[in-house]
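Novice: Got a structure for you, my_file_5.tsv, holding TSV, C-alpha atoms.
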```tsv
chain	number	residue	atom	x	y	z
G	1	MET	CA	9.88	18.76	-4.80
G	2	VAL	CA	6.25	18.48	-3.75
G	3	PHE	CA	3.79	18.87	-6.61
G	4	LYS	CA	0.41	20.58	-6.61
G	5	ARG	CA	-1.64	18.66	-9.15
G	6	SER	CA	-4.30	20.14	-11.39
G	7	ASN	CA	-7.74	18.57	-11.59
G	8	ARG	CA	-6.76	17.04	-14.92
G	9	GLU	CA	-3.60	15.51	-13.42
G	10	ILE	CA	-5.57	14.15	-10.47
G	11	GLU	CA	-7.99	12.55	-12.91
G	12	MET	CA	-5.06	10.91	-14.74
G	13	ILE	CA	-3.66	9.58	-11.46
G	14	SER	CA	-7.15	8.39	-10.56
G	15	LYS	CA	-7.37	6.35	-13.78
G	16	SER	CA	-4.14	4.55	-12.93
G	17	CYS	CA	-5.36	3.99	-9.38
G	18	GLN	CA	-8.61	2.52	-10.68
G	19	ILE	CA	-6.69	-0.05	-12.70
G	20	VAL	CA	-4.67	-1.02	-9.63
G	21	ALA	CA	-7.78	-1.27	-7.45
G	22	ASP	CA	-9.53	-3.39	-10.05
G	23	THR	CA	-6.45	-5.62	-10.37
G	24	ILE	CA	-6.37	-6.40	-6.66
G	25	GLU	CA	-10.13	-6.91	-6.64
G	26	MET	CA	-9.77	-9.34	-9.57
G	27	LEU	CA	-7.17	-11.32	-7.63
G	28	THR	CA	-9.42	-11.79	-4.60
G	29	GLU	CA	-10.99	-15.05	-5.78
G	30	TYR	CA	-7.55	-16.52	-6.48
G	31	VAL	CA	-6.06	-15.86	-3.04
G	32	VAL	CA	-6.70	-19.39	-1.76
G	33	PRO	CA	-4.61	-22.20	-0.31
G	34	GLY	CA	-2.44	-23.88	-2.93
G	35	VAL	CA	-2.22	-21.06	-5.45
G	36	SER	CA	1.20	-20.32	-6.88
G	37	LEU	CA	2.52	-16.82	-6.29
G	38	ILE	CA	3.76	-16.62	-9.87
G	39	ASP	CA	0.24	-17.41	-11.08
G	40	LEU	CA	-1.08	-14.44	-9.13
G	41	ASP	CA	1.68	-12.28	-10.56
G	42	ASN	CA	0.96	-13.40	-14.12
G	43	LYS	CA	-2.77	-12.77	-13.75
G	44	ALA	CA	-2.09	-9.27	-12.46
G	45	GLU	CA	0.30	-8.42	-15.29
G	46	GLU	CA	-2.09	-9.71	-17.94
G	47	TYR	CA	-4.95	-7.70	-16.45
G	48	ILE	CA	-2.97	-4.45	-16.18
G	49	VAL	CA	-1.77	-4.76	-19.76
G	50	SER	CA	-5.33	-5.55	-20.92
G	51	ARG	CA	-6.36	-2.16	-19.50
G	52	GLY	CA	-3.73	-0.41	-21.61
G	53	ALA	CA	-1.40	0.23	-18.70
G	54	ARG	CA	2.05	-0.93	-17.61
G	55	PRO	CA	2.99	-2.74	-14.38
G	56	ALA	CA	4.77	-0.01	-12.43
G	57	PHE	CA	6.81	-2.27	-10.16
G	58	LYS	CA	8.27	-4.57	-12.81
G	59	GLY	CA	11.79	-3.37	-13.52
G	60	TYR	CA	11.58	-0.58	-10.93
G	61	MET	CA	15.09	-0.39	-9.49
G	62	GLY	CA	15.50	-3.95	-10.76
G	63	PHE	CA	12.43	-5.46	-9.10
G	64	PRO	CA	11.53	-8.57	-11.14
G	65	SER	CA	7.75	-8.81	-10.77
G	66	THR	CA	4.42	-7.07	-11.26
G	67	LEU	CA	3.29	-7.62	-7.67
G	68	CYS	CA	4.93	-7.50	-4.28
G	69	ILE	CA	3.51	-10.53	-2.46
G	70	SER	CA	4.46	-10.68	1.22
G	71	ILE	CA	3.44	-13.65	3.37
G	72	ASP	CA	3.12	-13.67	7.18
G	73	ASP	CA	6.42	-12.27	8.56
G	74	ALA	CA	7.24	-10.57	5.25
G	75	VAL	CA	6.33	-6.92	5.73
G	76	VAL	CA	6.59	-5.74	2.11
G	77	HIS	CA	8.48	-6.25	-1.17
G	78	GLY	CA	8.13	-10.03	-1.29
G	79	ILE	CA	9.06	-11.53	-4.66
G	80	PRO	CA	6.46	-13.97	-6.10
G	81	HIS	CA	8.74	-16.90	-6.85
G	82	GLY	CA	7.25	-19.81	-8.78
G	83	HIS	CA	8.06	-22.40	-6.11
G	84	LEU	CA	6.04	-20.57	-3.46
G	85	HIS	CA	2.37	-21.36	-2.82
G	86	LEU	CA	-0.12	-19.92	-0.37
G	87	GLU	CA	-1.04	-22.09	2.60
G	88	GLU	CA	-4.11	-22.26	4.83
G	89	GLY	CA	-3.90	-19.87	7.77
G	90	GLN	CA	-1.45	-17.42	6.26
G	91	ILE	CA	-2.00	-13.73	5.68
G	92	VAL	CA	-0.61	-12.20	2.50
G	93	GLY	CA	-0.04	-8.60	1.55
G	94	ILE	CA	-0.42	-7.82	-2.15
G	95	ASP	CA	0.98	-4.49	-3.34
G	96	CYS	CA	0.38	-3.36	-6.91
G	97	GLY	CA	1.27	-0.36	-9.05
G	98	ALA	CA	0.33	0.70	-12.56
G	99	GLU	CA	1.34	3.46	-14.94
G	100	LEU	CA	-1.05	4.82	-17.56
G	101	ASN	CA	-0.19	7.73	-19.86
G	102	GLY	CA	2.65	8.85	-17.63
G	103	PHE	CA	0.79	8.80	-14.31
G	104	TYR	CA	0.99	6.25	-11.50
G	105	GLY	CA	-1.36	4.47	-9.12
G	106	ASP	CA	-0.41	2.44	-6.02
G	107	HIS	CA	-2.56	0.26	-3.75
G	108	ALA	CA	-2.07	-2.62	-1.30
G	109	LYS	CA	-4.28	-4.97	0.68
G	110	THR	CA	-3.65	-7.84	3.09
G	111	PHE	CA	-5.72	-10.99	2.58
G	112	ALA	CA	-6.55	-13.97	4.77
G	113	VAL	CA	-5.70	-17.32	3.17
G	114	GLY	CA	-8.53	-19.59	4.23
G	115	ASN	CA	-9.22	-19.57	7.96
G	116	ILE	CA	-6.78	-17.54	10.04
G	117	SER	CA	-6.17	-17.03	13.76
G	118	ASP	CA	-7.95	-14.41	15.81
G	119	GLU	CA	-4.72	-12.48	16.35
G	120	LYS	CA	-4.07	-12.29	12.61
G	121	THR	CA	-7.66	-11.19	12.05
G	122	LYS	CA	-7.27	-8.42	14.61
G	123	LEU	CA	-3.93	-7.31	13.15
G	124	MET	CA	-5.46	-6.99	9.68
G	125	GLN	CA	-8.48	-5.10	11.01
G	126	ILE	CA	-6.45	-2.65	13.08
G	127	THR	CA	-4.02	-2.03	10.19
G	128	LYS	CA	-6.91	-1.24	7.86
G	129	GLU	CA	-8.49	1.02	10.47
G	130	SER	CA	-5.13	2.74	11.00
G	131	LEU	CA	-4.95	3.49	7.29
G	132	HIS	CA	-8.36	5.15	7.32
G	133	LYS	CA	-7.56	7.12	10.47
G	134	GLY	CA	-4.47	8.39	8.69
G	135	ILE	CA	-6.49	9.28	5.60
G	136	GLU	CA	-8.92	11.30	7.74
G	137	GLN	CA	-6.03	13.59	8.70
G	138	ALA	CA	-4.94	14.21	5.08
G	139	LYS	CA	-6.56	17.61	4.64
G	140	PRO	CA	-5.26	21.07	3.80
G	141	GLY	CA	-3.59	22.77	6.74
G	142	ASN	CA	-2.66	19.55	8.52
G	143	TYR	CA	0.82	18.04	8.47
G	144	THR	CA	2.37	14.70	7.61
G	145	GLY	CA	2.84	14.28	11.36
G	146	ASP	CA	-0.92	14.37	11.84
G	147	ILE	CA	-1.28	11.41	9.49
G	148	GLY	CA	1.50	9.44	11.15
G	149	HIS	CA	0.27	10.24	14.65
G	150	ALA	CA	-3.23	8.95	13.83
G	151	VAL	CA	-1.83	5.71	12.41
G	152	GLN	CA	0.62	5.17	15.26
G	153	THR	CA	-1.87	5.95	18.03
G	154	HIS	CA	-4.48	3.50	16.75
G	155	ALA	CA	-1.97	0.70	16.10
G	156	GLU	CA	-0.09	1.01	19.37
G	157	SER	CA	-3.23	1.45	21.48
G	158	ASN	CA	-4.26	-1.99	20.22
G	159	GLY	CA	-0.94	-3.58	21.18
G	160	PHE	CA	0.77	-3.58	17.79
G	161	SER	CA	3.92	-1.84	16.53
G	162	VAL	CA	4.59	0.47	13.59
G	163	VAL	CA	7.45	-0.06	11.16
G	164	ARG	CA	9.64	3.07	11.08
G	165	GLU	CA	12.01	2.54	8.16
G	166	LEU	CA	9.33	2.26	5.46
G	167	VAL	CA	6.95	5.12	4.70
G	168	GLY	CA	4.23	6.34	2.40
G	169	HIS	CA	5.01	8.86	-0.32
G	170	GLY	CA	3.89	11.39	-2.84
G	171	ILE	CA	2.81	9.96	-6.20
G	172	GLY	CA	2.04	11.30	-9.66
G	173	GLU	CA	4.35	11.30	-12.65
G	174	ASN	CA	6.71	9.16	-10.59
G	175	LEU	CA	5.88	6.17	-8.44
G	176	HIS	CA	7.63	7.72	-5.45
G	177	GLU	CA	7.70	11.48	-4.96
G	178	GLU	CA	8.07	13.87	-2.06
G	179	PRO	CA	6.97	14.18	0.65
G	180	GLN	CA	7.54	11.06	2.69
G	181	ILE	CA	4.51	10.02	4.76
G	182	PRO	CA	5.68	8.23	7.92
G	183	ASN	CA	3.25	6.03	9.83
G	184	TYR	CA	4.33	7.57	13.12
G	185	GLY	CA	4.91	11.10	14.32
G	186	LYS	CA	3.65	14.06	16.28
G	187	PRO	CA	0.75	16.37	15.41
G	188	LYS	CA	1.56	19.59	13.53
G	189	GLN	CA	5.04	18.39	12.58
G	190	GLY	CA	6.51	17.49	9.23
G	191	TYR	CA	5.41	18.79	5.83
G	192	LYS	CA	2.30	20.97	5.71
G	193	LEU	CA	-0.41	19.50	3.49
G	194	HIS	CA	-2.15	21.49	0.78
G	195	ALA	CA	-4.87	20.95	-1.79
G	196	GLY	CA	-3.64	19.34	-5.00
G	197	MET	CA	-1.25	16.90	-3.34
G	198	CYS	CA	-1.51	13.22	-4.24
G	199	ILE	CA	-0.03	10.83	-1.70
G	200	ALA	CA	0.07	7.13	-0.92
G	201	ILE	CA	-0.56	6.30	2.75
G	202	GLU	CA	0.51	2.76	3.68
G	203	PRO	CA	0.68	1.55	7.27
G	204	MET	CA	2.87	-1.49	7.88
G	205	ILE	CA	1.90	-2.84	11.30
G	206	ASN	CA	3.59	-5.72	13.13
G	207	LEU	CA	2.13	-8.18	15.62
G	208	GLY	CA	5.33	-8.06	17.66
G	209	SER	CA	8.38	-5.82	17.53
G	210	LYS	CA	8.69	-2.94	15.06
G	211	ASP	CA	12.18	-4.14	14.08
G	212	ILE	CA	12.77	-5.41	10.53
G	213	PHE	CA	15.57	-6.62	8.26
G	214	THR	CA	16.12	-7.25	4.56
G	215	ALA	CA	16.24	-10.87	3.34
G	216	LYS	CA	19.10	-12.28	1.29
G	217	ASP	CA	17.18	-11.67	-1.94
G	218	GLY	CA	17.81	-7.96	-1.39
G	219	TRP	CA	14.13	-7.08	-1.56
G	220	THR	CA	11.90	-8.87	0.95
G	221	ILE	CA	11.54	-7.02	4.24
G	222	LEU	CA	10.98	-9.36	7.20
G	223	THR	CA	10.07	-8.84	10.84
G	224	ALA	CA	13.06	-9.35	13.12
G	225	ASP	CA	11.11	-11.55	15.55
G	226	GLY	CA	9.41	-13.68	12.89
G	227	LEU	CA	5.92	-12.56	13.86
G	228	VAL	CA	3.41	-11.53	11.22
G	229	SER	CA	2.88	-8.12	9.66
G	230	ALA	CA	0.00	-6.51	7.74
G	231	HIS	CA	0.00	-3.80	5.06
G	232	PHE	CA	-2.79	-1.69	3.58
G	233	GLU	CA	-2.35	1.24	1.19
G	234	HIS	CA	-4.47	3.78	-0.66
G	235	THR	CA	-3.53	6.56	-3.03
G	236	ILE	CA	-5.46	9.71	-2.21
G	237	ALA	CA	-5.87	13.22	-3.54
G	238	ILE	CA	-6.02	16.06	-1.02
G	239	LYS	CA	-8.67	18.53	-2.11
G	240	GLU	CA	-10.09	21.65	-0.48
G	241	ASP	CA	-12.85	19.58	1.13
G	242	GLY	CA	-10.44	16.91	2.39
G	243	PRO	CA	-9.09	13.53	1.25
G	244	HIS	CA	-10.47	11.64	-1.74
G	245	ILE	CA	-9.48	7.98	-2.05
G	246	LEU	CA	-8.51	7.25	-5.65
G	247	SER	CA	-7.67	3.53	-5.32
G	248	LYS	CA	-11.12	2.21	-4.44
G	249	VAL	CA	-13.03	-0.23	-6.59
G	250	ASN	CA	-15.51	1.93	-8.53
G	251	ARG	CA	-14.30	4.72	-6.24
G	252	ASN	CA	-16.98	3.89	-3.72
G	253	GLY	CA	-16.31	0.25	-2.91
```
How does the structure come out when it is put into structure tokens?

Specialist:
Amino acid sequence: MVFKRSNREIEMISKSCQIVADTIEMLTEYVVPGVSLIDLDNKAEEYIVSRGARPAFKGYMGFPSTLCISIDDAVVHGIPHGHLHLEEGQIVGIDCGAELNGFYGDHAKTFAVGNISDEKTKLMQITKESLHKGIEQAKPGNYTGDIGHAVQTHAESNGFSVVRELVGHGIGENLHEEPQIPNYGKPKQGYKLHAGMCIAIEPMINLGSKDIFTAKDGWTILTADGLVSAHFEHTIAIKEDGPHILSKVNRNG
């Protein structure tokens, strides 16, 4: 079922999104070589709780942590184990969710750890640009295929590949709702978008092949060829005048 949210419901979702955006912003200064992934996870959980919210990922379908922290060839869903530390030259995707008063927010960003290669820099930039090109298409009367086509076209025209098996999603009173928002597709196909929808758009773009597999931990998704991947995500509300990003720092940062 696809929900049409009232202005009040969108405001509730927005509050959860603000907490998530602020959490990731807070973590920025700690994403440095040598930091323990569990330290990042603990800081995020403490911050979310301090804002009166609950970490949305922790316990979700058995996931053990507050954050998904995915390094280099990990696409998404990386578990922040205590023995893992960030290293110079890596890129790391941090995905965070929060629930406040029954409504959810979801946001992800890929960071550079120290100095990174030019190809990693370009991958991150194109992935972020792909996200915003997808967001531009999230307006009443368009379709989920318009979003996916915009993401796919920008990523592939720059020599990168788009993960197919993992998609964006509706969000509201559940972390994952209908409809699915693929990062590939054809214009004017898929679900027709309407005002009041809240969705999370989240391109996962690979340096090499689009093929992926699940690690032995049952959670971490890795690229099949071992090349790096980047991930950016925003939760947005579709209003009559177009998309409104809810997961921005101060909603304009």

Novice: Return the single residue from G:Glu9, G:Glu177, G:Asp41, G:Glu88 that is closest to Pro55 (chain G), with distances computed using only C-alpha atoms.

Specialist: G:Asp41

Novice: For a quick check of understanding, using all atoms listed in the file, which of G:Ser247, G:Asn158, G:Gly190, G:Leu40 has the smallest distance to Glu119 (chain G)?

Specialist: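 Of G:Ser247, G:Asn158, G:Gly190, G:Leu40, the one nearest Glu119 (chain G), counting all atoms listed in the file, is G:Asn158.
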
Novice: What's the 12 Å shell around Gly218 (chain G), counting all atoms listed in the file, without same-chain residues fewer than 3 positions away, as a list in words?

Specialist: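 Within the cut-off, the hits are Met61, Gly62, Phe63, Pro64, Val76, His77, Gly78, Ile79, Phe213, Thr214, Ala215, Ile221 and Leu222 of chain G.
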
Novice: Generate the output file for the selected residues, C-alpha atoms, as a JSON list (two decimals), in the frame of the given file.

Specialist:
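Once everything was written out, this is selection-v2.json:
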```
[["chain", "number", "residue", "atom", "x", "y", "z"],
["G", 61, "MET", "CA", 15.09, -0.39, -9.49],
["G", 62, "GLY", "CA", 15.50, -3.95, -10.76],
["G", 63, "PHE", "CA", 12.43, -5.46, -9.10],
["G", 64, "PRO", "CA", 11.53, -8.57, -11.14],
["G", 76, "VAL", "CA", 6.59, -5.74, 2.11],
["G", 77, "HIS", "CA", 8.48, -6.25, -1.17],
["G", 78, "GLY", "CA", 8.13, -10.03, -1.29],
["G", 79, "ILE", "CA", 9.06, -11.53, -4.66],
["G", 213, "PHE", "CA", 15.57, -6.62, 8.26],
["G", 214, "THR", "CA", 16.12, -7.25, 4.56],
["G", 215, "ALA", "CA", 16.24, -10.87, 3.34],
["G", 221, "ILE", "CA", 11.54, -7.02, 4.24],
["G", 222, "LEU", "CA", 10.98, -9.36, 7.20]]
```

Novice: What's the 9 Å shell around Asp146 (chain G), counting only C-alpha atoms, without same-chain residues fewer than 2 positions away, as a list in words?

Specialist: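 Surrounding residues, per the criterion: Gly134, Gln137, Ala138, Asn142, Tyr143, Thr144, Gly148, His149, Ala150, Val151, Tyr184, Gly185, Lys186, Pro187, Lys188, Gln189 and Gly190 of chain G.
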
Novice: Which is closer to Ile236 (chain G) than all the others in G:Tyr47, G:Tyr104, G:Phe160, G:Phe57, using only C-alpha atoms?

Specialist: G:Tyr104

Novice: Could you list as a PyMOL selection string every residue that has an atom within 7 Å of (1.8, 22.1, 6.5), using the file's coordinates and counting all atoms listed in the file?

Specialist: chain G and resi 141-143+191-194

Novice: Using Å and a single decimal, report how far CA of Lys128 (chain G) sits from CA of Gly170 (chain G).

Specialist: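 Separation of CA of Gly170 (chain G) and CA of Lys128 (chain G): 19.8 Å.
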
Novice: If I take CA of Lys216 (chain G) and CA of Glu202 (chain G), how far is one from the other in Å, to one decimal?

Specialist: 24.0 Å

Novice: State, in Å with one decimal place, the distance from CA of Ser229 (chain G) to CA of Asn206 (chain G).

Specialist: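 Here the two named atoms are 4.3 Å from each other.
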
Novice: Find, counting all atoms listed in the file, the residue in G:Ala195, G:Val163, G:Leu246, G:Ala44 that gets nearest to Leu207 (chain G).

Specialist: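 When distances to Leu207 (chain G) are compared using all atoms listed in the file, the smallest one comes from G:Val163.
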
Novice: Skipping near chain neighbours, those fewer than 5 positions away, what residues fall within 10 Å of Val249 (chain G) using only C-alpha atoms, listed as a list in words?

Specialist: Cys17, Gln18, Ile19, Val20, Ala21, Asp22, Thr23, Ile24 and Glu25 of chain G

Novice: For each of G:Lys15, G:Arg54, G:His169, G:Arg164, take the minimum atom-to-atom distance to Ile212 (chain G), counting all atoms listed in the file, then give the residue where this is smallest.

Specialist: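 Checking each of G:Lys15, G:Arg54, G:His169, G:Arg164 against Ile212 (chain G), counting all atoms listed in the file, the winner is G:Arg164.
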